[in-house]
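Written below as structure tokens is the structure these notes are about.
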Amino acid sequence: MTTATMNPAALTADWRDFVALTKPRVMTLVVFTGLCGLLAAPGHIHPVLAFTAILCIALGAGAAAALNQWVEADSDGLMKRTANRPLPAGRMDRQSALHFGVGLSFFSVILMGLALNWFAAAILGVSILFYVFVYTIWLKPRTAQNIVIGGAAGAFPPVIGWAAVTGDVSALPIALFCLIFFWTPPHFWALALYVRPDYAAAGIPMLPVVAGERETRRQIWGYTAIMAVAAFAPVLLRLTGALYGTVALVATLLFAVLAFRVFSSLELDPAKMKAERALFRYSILYLFILFGAVVFDRWMLA
Amino acid sequence: MTAQENKPVIDEAQIRARQQARAKVLALALGAFVILVFAISIIKMTGKG
């Protein structure tokens with residue numbers, strides 16, 4: 001039996017590695033918020049077209065994740081959390097990842113345009129380009145505010161879902177966009193606090209690395225307050241009813257309690273940062289709860 | 001350690017097995033895509049979209 005020594009990964013990347021390149025776990029939240037945007041929108045589309053819209057959002061998110069990993073292959077290799085991804089682990093060559101990401105990007109945008117409408121396709125295209133060029137290439141290696149502005153990339157799915165049904169964008173999808181946008185800093189910085197050594201080793205200027213833990217905790221608390229306003233905006237603007245308002249009140253109060261625990265914590269050892277891990281885990285659940293509540297509320301209003 | 005040294009060494013049988021698995025997954029994906037395009041076409045033609 002012969003042994004392949006000439007760049008074997010280029011020929012033999014497992015199909016599971018291509019799936020891993022799309023960050024499936026991150027995709028679940030993207031798909032869910034996109035689906036909620038689609039379900040909350042007024043009007044009706046055929047279930048097959050709705051499925052196609054969600055498939056396009058998922059593939060677009062996967063394409064952006066693949067291109068993100070293509071750009072960050074070197075720095076991913078320096079971080080414990082990401083060192084086992086297909087590119088830094090050497091299970092796939094860079095060109096395959098680039099071709100996969102670019103191909104999937106075009107495929108998702110064109111399919112969205114042909115099956116649904118070109119306005120939704122344009123927003124999907126902008127979200128992919130924003131994530132890759134504005135967040136990954138421009139902001140992430142340069143500024144500690146990278147995920148504040150870059151968070152917009154993750155906020156597009158409910159807008160795309162809405163636009164797929166209606167062909168336009170109105171106040172509610174913009175409110176949902178703002179909710180994810182202001183949710184991103186406390187969500188991401190909670191994680192950044194306990195993986196700070198990883199980011200420092202890779203030279204990525206995340207807020208805890210650049211400004212320190214005290215400042216990060218202060219900003220998590222500050223952005224939680226802004227996020228709370230964004231969470232109540234749909235009720236205050238009468239875009240949703242009492243059901244969403246009640247759920248948002250309870251869920252946001254719990255978020256605030258967990259964020260306050262992070263704010264008041266003096267823990268410096270990442271291994272002992274329980275409050276930060278709890279906030280990170282709950283922040284994901286929080287978004288699922290609020291978006292689910294928006295859909296149920298809109299259905300009840302209808 | 002260089003990138004080349006970092007790459008796992010894989011024997012030929014494993015390469016063939018992975019290529020076959022990739023081909024099967026791609027065939028399934030293409031089959032699903034054909035069905036999806038067919039369904040979308042029918043919906044568009046009947047005006048239900």
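Chains: A, B, ... in order of the structure tokens. Residues: from 1 per chain. Ligands: from 1, in order shown.
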Residue contacts of Gln19 of chain B (10 Å, only C-alpha atoms) excluding same-chain residues fewer than 5 positions away, as a count of residues only | 9
Which of segment 68-291 of chain A DSSP labels alpha helix (DSSP H), written as number ranges by chain | A: 68-71, 73-76, 94-115, 118-129, 146-155, 157-166, 171-194, 196-202, 207-210, 213-236, 242-264, 274-291
With distances taken over only C-alpha atoms, which of A:Leu179, A:Ala202, A:Ala271, A:Ala122 is nearest to Thr252 of chain A?
-> A:Leu179
Neighbours of segment 62-64 of chain A within 10 Å (only C-alpha atoms; same-chain residues fewer than 6 positions away dropped), as a PDB file with N, CA, C and O atoms, in the first residue's frame?
ATOM      1  N   PHE A  18     -16.243  19.505   5.114  1.00  0.00           N
ATOM      2  CA  PHE A  18     -16.925  20.594   4.410  1.00  0.00           C
ATOM      3  C   PHE A  18     -18.138  21.063   5.206  1.00  0.00           C
ATOM      4  O   PHE A  18     -18.446  22.246   5.246  1.00  0.00           O
ATOM      5  N   VAL A  19     -18.819  20.100   5.845  1.00  0.00           N
ATOM      6  CA  VAL A  19     -19.957  20.473   6.705  1.00  0.00           C
ATOM      7  C   VAL A  19     -19.448  21.293   7.886  1.00  0.00           C
ATOM      8  O   VAL A  19     -20.011  22.336   8.240  1.00  0.00           O
ATOM      9  N   ALA A  20     -18.332  20.842   8.488  1.00  0.00           N
ATOM     10  CA  ALA A  20     -17.769  21.554   9.640  1.00  0.00           C
ATOM     11  C   ALA A  20     -17.358  22.974   9.268  1.00  0.00           C
ATOM     12  O   ALA A  20     -17.418  23.895  10.092  1.00  0.00           O
ATOM     13  N   LEU A  21     -16.950  23.147   8.009  1.00  0.00           N
ATOM     14  CA  LEU A  21     -16.511  24.461   7.532  1.00  0.00           C
ATOM     15  C   LEU A  21     -17.655  25.484   7.564  1.00  0.00           C
ATOM     16  O   LEU A  21     -17.413  26.688   7.602  1.00  0.00           O
ATOM     17  N   THR A  22     -18.897  24.995   7.545  1.00  0.00           N
ATOM     18  CA  THR A  22     -20.051  25.905   7.540  1.00  0.00           C
ATOM     19  C   THR A  22     -20.488  26.296   8.953  1.00  0.00           C
ATOM     20  O   THR A  22     -21.489  27.007   9.103  1.00  0.00           O
ATOM     21  N   LYS A  23     -19.769  25.862   9.971  1.00  0.00           N
ATOM     22  CA  LYS A  23     -20.105  26.128  11.384  1.00  0.00           C
ATOM     23  C   LYS A  23     -21.584  25.814  11.663  1.00  0.00           C
ATOM     24  O   LYS A  23     -22.389  26.720  11.914  1.00  0.00           O
ATOM     25  N   PRO A  24     -21.958  24.535  11.607  1.00  0.00           N
ATOM     26  CA  PRO A  24     -23.380  24.168  11.740  1.00  0.00           C
ATOM     27  C   PRO A  24     -24.032  24.642  13.036  1.00  0.00           C
ATOM     28  O   PRO A  24     -25.215  24.962  13.037  1.00  0.00           O
ATOM     29  N   VAL A  26     -23.416  27.408  14.760  1.00  0.00           N
ATOM     30  CA  VAL A  26     -23.753  28.829  14.628  1.00  0.00           C
ATOM     31  C   VAL A  26     -24.942  28.977  13.682  1.00  0.00           C
ATOM     32  O   VAL A  26     -25.812  29.824  13.886  1.00  0.00           O
ATOM     33  N   MET A  27     -24.974  28.099  12.678  1.00  0.00           N
ATOM     34  CA  MET A  27     -26.023  28.172  11.664  1.00  0.00           C
ATOM     35  C   MET A  27     -27.422  27.955  12.250  1.00  0.00           C
ATOM     36  O   MET A  27     -28.398  28.499  11.740  1.00  0.00           O
ATOM     37  N   VAL A  30     -28.846  31.223  13.179  1.00  0.00           N
ATOM     38  CA  VAL A  30     -29.087  31.996  11.955  1.00  0.00           C
ATOM     39  C   VAL A  30     -30.367  31.503  11.272  1.00  0.00           C
ATOM     40  O   VAL A  30     -31.227  32.296  10.883  1.00  0.00           O
ATOM     41  N   CYS A  56     -31.522  28.836   1.542  1.00  0.00           N
ATOM     42  CA  CYS A  56     -30.602  29.852   1.020  1.00  0.00           C
ATOM     43  C   CYS A  56     -29.927  30.621   2.159  1.00  0.00           C
ATOM     44  O   CYS A  56     -28.730  30.914   2.088  1.00  0.00           O
ATOM     45  N   TRP A  70     -11.328  30.375   5.828  1.00  0.00           N
ATOM     46  CA  TRP A  70     -10.264  30.454   4.824  1.00  0.00           C
ATOM     47  C   TRP A  70      -9.334  31.634   5.154  1.00  0.00           C
ATOM     48  O   TRP A  70      -8.111  31.505   5.115  1.00  0.00           O
ATOM     49  N   ALA A  97     -11.376  25.109   0.430  1.00  0.00           N
ATOM     50  CA  ALA A  97     -12.246  25.912   1.294  1.00  0.00           C
ATOM     51  C   ALA A  97     -12.697  27.176   0.576  1.00  0.00           C
ATOM     52  O   ALA A  97     -13.870  27.567   0.658  1.00  0.00           O
ATOM     53  N   LEU A  98     -11.773  27.807  -0.148  1.00  0.00           N
ATOM     54  CA  LEU A  98     -12.111  29.032  -0.896  1.00  0.00           C
ATOM     55  C   LEU A  98     -13.143  28.736  -1.982  1.00  0.00           C
ATOM     56  O   LEU A  98     -14.156  29.444  -2.093  1.00  0.00           O
ATOM     57  N   HIS A  99     -12.893  27.688  -2.763  1.00  0.00           N
ATOM     58  CA  HIS A  99     -13.832  27.333  -3.836  1.00  0.00           C
ATOM     59  C   HIS A  99     -15.216  26.992  -3.266  1.00  0.00           C
ATOM     60  O   HIS A  99     -16.239  27.398  -3.798  1.00  0.00           O
ATOM     61  N   PHE A 100     -15.200  26.234  -2.163  1.00  0.00           N
ATOM     62  CA  PHE A 100     -16.459  25.839  -1.513  1.00  0.00           C
ATOM     63  C   PHE A 100     -17.225  27.085  -1.042  1.00  0.00           C
ATOM     64  O   PHE A 100     -18.430  27.210  -1.291  1.00  0.00           O
ATOM     65  N   GLY A 101     -16.521  27.995  -0.395  1.00  0.00           N
ATOM     66  CA  GLY A 101     -17.165  29.206   0.146  1.00  0.00           C
ATOM     67  C   GLY A 101     -17.700  30.103  -0.952  1.00  0.00           C
ATOM     68  O   GLY A 101     -18.850  30.565  -0.884  1.00  0.00           O
ATOM     69  N   VAL A 102     -16.888  30.358  -1.982  1.00  0.00           N
ATOM     70  CA  VAL A 102     -17.329  31.237  -3.083  1.00  0.00           C
ATOM     71  C   VAL A 102     -18.478  30.581  -3.848  1.00  0.00           C
ATOM     72  O   VAL A 102     -19.491  31.228  -4.156  1.00  0.00           O
ATOM     73  N   GLY A 103     -18.341  29.284  -4.127  1.00  0.00           N
ATOM     74  CA  GLY A 103     -19.392  28.566  -4.862  1.00  0.00           C
ATOM     75  C   GLY A 103     -20.717  28.581  -4.118  1.00  0.00           C
ATOM     76  O   GLY A 103     -21.765  28.874  -4.700  1.00  0.00           O
ATOM     77  N   LEU A 104     -20.643  28.317  -2.820  1.00  0.00           N
ATOM     78  CA  LEU A 104     -21.863  28.300  -2.005  1.00  0.00           C
ATOM     79  C   LEU A 104     -22.495  29.688  -1.920  1.00  0.00           C
ATOM     80  O   LEU A 104     -23.720  29.825  -1.898  1.00  0.00           O
ATOM     81  N   SER A 105     -21.659  30.731  -1.878  1.00  0.00           N
ATOM     82  CA  SER A 105     -22.165  32.112  -1.824  1.00  0.00           C
ATOM     83  C   SER A 105     -22.993  32.411  -3.067  1.00  0.00           C
ATOM     84  O   SER A 105     -24.142  32.864  -2.977  1.00  0.00           O
ATOM     85  N   PHE A 106     -22.402  32.167  -4.245  1.00  0.00           N
ATOM     86  CA  PHE A 106     -23.116  32.443  -5.500  1.00  0.00           C
ATOM     87  C   PHE A 106     -24.379  31.589  -5.591  1.00  0.00           C
ATOM     88  O   PHE A 106     -25.440  32.076  -5.976  1.00  0.00           O
ATOM     89  N   PHE A 107     -24.252  30.307  -5.239  1.00  0.00           N
ATOM     90  CA  PHE A 107     -25.387  29.393  -5.333  1.00  0.00           C
ATOM     91  C   PHE A 107     -26.558  29.886  -4.475  1.00  0.00           C
ATOM     92  O   PHE A 107     -27.702  29.946  -4.933  1.00  0.00           O
ATOM     93  N   SER A 108     -26.264  30.256  -3.214  1.00  0.00           N
ATOM     94  CA  SER A 108     -27.343  30.656  -2.298  1.00  0.00           C
ATOM     95  C   SER A 108     -28.020  31.945  -2.767  1.00  0.00           C
ATOM     96  O   SER A 108     -29.252  32.054  -2.734  1.00  0.00           O
ATOM     97  N   GLY A 125     -26.713  38.581  -0.184  1.00  0.00           N
ATOM     98  CA  GLY A 125     -25.382  38.840  -0.743  1.00  0.00           C
ATOM     99  C   GLY A 125     -24.614  39.863   0.083  1.00  0.00           C
ATOM    100  O   GLY A 125     -23.429  39.674   0.390  1.00  0.00           O
ATOM    101  N   SER A 127     -25.056  40.542   3.234  1.00  0.00           N
ATOM    102  CA  SER A 127     -24.700  39.973   4.552  1.00  0.00           C
ATOM    103  C   SER A 127     -23.450  39.092   4.453  1.00  0.00           C
ATOM    104  O   SER A 127     -22.592  39.121   5.342  1.00  0.00           O
ATOM    105  N   ILE A 128     -23.331  38.323   3.357  1.00  0.00           N
ATOM    106  CA  ILE A 128     -22.136  37.476   3.167  1.00  0.00           C
ATOM    107  C   ILE A 128     -20.904  38.364   2.981  1.00  0.00           C
ATOM    108  O   ILE A 128     -19.870  38.167   3.640  1.00  0.00           O
ATOM    109  N   LEU A 129     -21.029  39.375   2.115  1.00  0.00           N
ATOM    110  CA  LEU A 129     -19.888  40.268   1.848  1.00  0.00           C
ATOM    111  C   LEU A 129     -19.499  41.041   3.112  1.00  0.00           C
ATOM    112  O   LEU A 129     -18.316  41.230   3.390  1.00  0.00           O
ATOM    113  N   PHE A 130     -20.516  41.480   3.875  1.00  0.00           N
ATOM    114  CA  PHE A 130     -20.254  42.228   5.112  1.00  0.00           C
ATOM    115  C   PHE A 130     -19.475  41.362   6.105  1.00  0.00           C
ATOM    116  O   PHE A 130     -18.499  41.815   6.703  1.00  0.00           O
ATOM    117  N   TYR A 131     -19.909  40.112   6.254  1.00  0.00           N
ATOM    118  CA  TYR A 131     -19.250  39.207   7.215  1.00  0.00           C
ATOM    119  C   TYR A 131     -17.797  38.935   6.814  1.00  0.00           C
ATOM    120  O   TYR A 131     -16.900  38.945   7.657  1.00  0.00           O
ATOM    121  N   VAL A 132     -17.590  38.711   5.517  1.00  0.00           N
ATOM    122  CA  VAL A 132     -16.247  38.335   5.063  1.00  0.00           C
ATOM    123  C   VAL A 132     -15.328  39.560   4.997  1.00  0.00           C
ATOM    124  O   VAL A 132     -14.235  39.555   5.581  1.00  0.00           O
ATOM    125  N   PHE A 133     -15.768  40.611   4.292  1.00  0.00           N
ATOM    126  CA  PHE A 133     -14.864  41.734   4.048  1.00  0.00           C
ATOM    127  C   PHE A 133     -14.840  42.749   5.197  1.00  0.00           C
ATOM    128  O   PHE A 133     -13.769  43.172   5.615  1.00  0.00           O
ATOM    129  N   THR A 136     -14.548  40.077   8.995  1.00  0.00           N
ATOM    130  CA  THR A 136     -13.393  39.163   9.088  1.00  0.00           C
ATOM    131  C   THR A 136     -12.085  39.813   8.640  1.00  0.00           C
ATOM    132  O   THR A 136     -11.069  39.713   9.346  1.00  0.00           O
ATOM    133  N   ALA A 153     -23.608  41.634  10.633  1.00  0.00           N
ATOM    134  CA  ALA A 153     -23.650  40.495   9.702  1.00  0.00           C
ATOM    135  C   ALA A 153     -24.595  39.409  10.209  1.00  0.00           C
ATOM    136  O   ALA A 153     -25.340  38.817   9.436  1.00  0.00           O
TER     137      ALA A 153
END
Find the residues around Val37 of chain B up to 10 Å (only C-alpha atoms counted), leave out those fewer than 4 positions away in its own chain, and share them as a ChimeraX atom specification.
-> /A:52,111,114-115 /B:32-33,41-43
Just the residues within 12 Å of Ala73 of chain A, please, counting only C-alpha atoms, with nothing from its chain fewer than 5 positions along; format it as a VMD selection string.
-> (chain A and resid 21 65 to 68 78 to 79 82 to 95 97 to 98 136 202) or (chain B and resid 3)
Output the selection as a CSV table (one decimal), in the first residue's frame - N, CA and C atoms for each residue.
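After the write, out09.csv holds the following:
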chain,number,residue,atom,x,y,z
A,21,LEU,N,-16.9,23.1,8.0
A,21,LEU,CA,-16.5,24.5,7.5
A,21,LEU,C,-17.7,25.5,7.6
A,65,ALA,N,-19.2,31.4,6.7
A,65,ALA,CA,-18.4,30.8,7.7
A,65,ALA,C,-17.1,30.1,7.0
A,66,ALA,N,-17.4,29.5,5.9
A,66,ALA,CA,-16.2,28.8,5.2
A,66,ALA,C,-15.2,29.9,4.7
A,67,LEU,N,-15.7,31.0,4.2
A,67,LEU,CA,-14.7,32.1,3.8
A,67,LEU,C,-14.0,32.7,5.0
A,68,ASN,N,-14.7,32.8,6.1
A,68,ASN,CA,-14.1,33.3,7.3
A,68,ASN,C,-13.0,32.4,7.8
A,78,LEU,N,-3.6,29.0,16.0
A,78,LEU,CA,-3.0,29.5,17.3
A,78,LEU,C,-3.9,29.4,18.5
A,79,MET,N,-5.2,29.1,18.2
A,79,MET,CA,-6.1,29.1,19.3
A,79,MET,C,-6.6,27.7,19.6
A,82,THR,N,-10.1,26.7,18.3
A,82,THR,CA,-10.3,26.6,16.8
A,82,THR,C,-9.3,25.7,16.1
A,83,ALA,N,-8.3,25.3,16.8
A,83,ALA,CA,-7.1,24.6,16.2
A,83,ALA,C,-7.5,23.3,15.5
A,84,ASN,N,-8.7,22.7,15.9
A,84,ASN,CA,-9.1,21.4,15.3
A,84,ASN,C,-10.0,21.6,14.1
A,85,ARG,N,-10.2,22.9,13.7
A,85,ARG,CA,-11.0,23.1,12.5
A,85,ARG,C,-10.3,22.5,11.3
A,86,PRO,N,-11.0,22.2,10.2
A,86,PRO,CA,-10.4,21.5,9.1
A,86,PRO,C,-9.2,22.1,8.5
A,87,LEU,N,-9.1,23.4,8.4
A,87,LEU,CA,-7.9,24.1,7.7
A,87,LEU,C,-6.7,24.1,8.7
A,88,PRO,N,-6.8,24.6,9.9
A,88,PRO,CA,-5.6,24.6,10.7
A,88,PRO,C,-5.2,23.2,11.1
A,89,ALA,N,-6.1,22.2,11.2
A,89,ALA,CA,-5.7,20.8,11.5
A,89,ALA,C,-5.1,20.1,10.3
A,90,GLY,N,-5.1,20.7,9.1
A,90,GLY,CA,-4.5,20.2,7.9
A,90,GLY,C,-5.3,19.1,7.3
A,91,ARG,N,-6.6,19.0,7.6
A,91,ARG,CA,-7.5,18.0,6.9
A,91,ARG,C,-8.0,18.5,5.6
A,92,MET,N,-7.8,19.8,5.3
A,92,MET,CA,-8.3,20.3,4.0
A,92,MET,C,-7.4,21.4,3.5
A,93,ASP,N,-7.2,21.5,2.2
A,93,ASP,CA,-6.3,22.6,1.8
A,93,ASP,C,-7.1,23.9,1.6
A,94,ARG,N,-6.4,25.0,1.5
A,94,ARG,CA,-7.1,26.3,1.5
A,94,ARG,C,-7.9,26.5,0.3
A,95,GLN,N,-7.4,26.0,-0.9
A,95,GLN,CA,-8.1,26.3,-2.1
A,95,GLN,C,-9.5,25.6,-2.1
A,97,ALA,N,-11.4,25.1,0.4
A,97,ALA,CA,-12.2,25.9,1.3
A,97,ALA,C,-12.7,27.2,0.6
A,98,LEU,N,-11.8,27.8,-0.1
A,98,LEU,CA,-12.1,29.0,-0.9
A,98,LEU,C,-13.1,28.7,-2.0
A,136,THR,N,-14.5,40.1,9.0
A,136,THR,CA,-13.4,39.2,9.1
A,136,THR,C,-12.1,39.8,8.6
A,202,ALA,N,-3.4,34.5,19.5
A,202,ALA,CA,-3.6,34.7,18.1
A,202,ALA,C,-3.4,36.1,17.6
B,3,ALA,N,3.6,23.9,7.7
B,3,ALA,CA,2.2,23.5,7.3
B,3,ALA,C,2.2,22.1,6.7
For each of A:Ile57, A:Ala40, A:Val126, A:Ala164, take the minimum atom-to-atom distance to chain B, counting only C-alpha atoms, then give the residue where this is smallest.
->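 Once distances to chain B are computed over only C-alpha atoms, the minimum belongs to A:Ala164.
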Who sits within 8 Å of segment 245-247 of chain A, only C-alpha atoms, same chain under 3 positions skipped, as a PyMOL selection string | chain A and resi 232+235+240-242+250-251+289-290+293
Rounded to one decimal in Å, what is the spacing between atom CA of Val159 of chain A and atom CA of Ile220 of chain A?
->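 Interatomic distance, atom CA of Val159 of chain A to atom CA of Ile220 of chain A: 25.2 Å.
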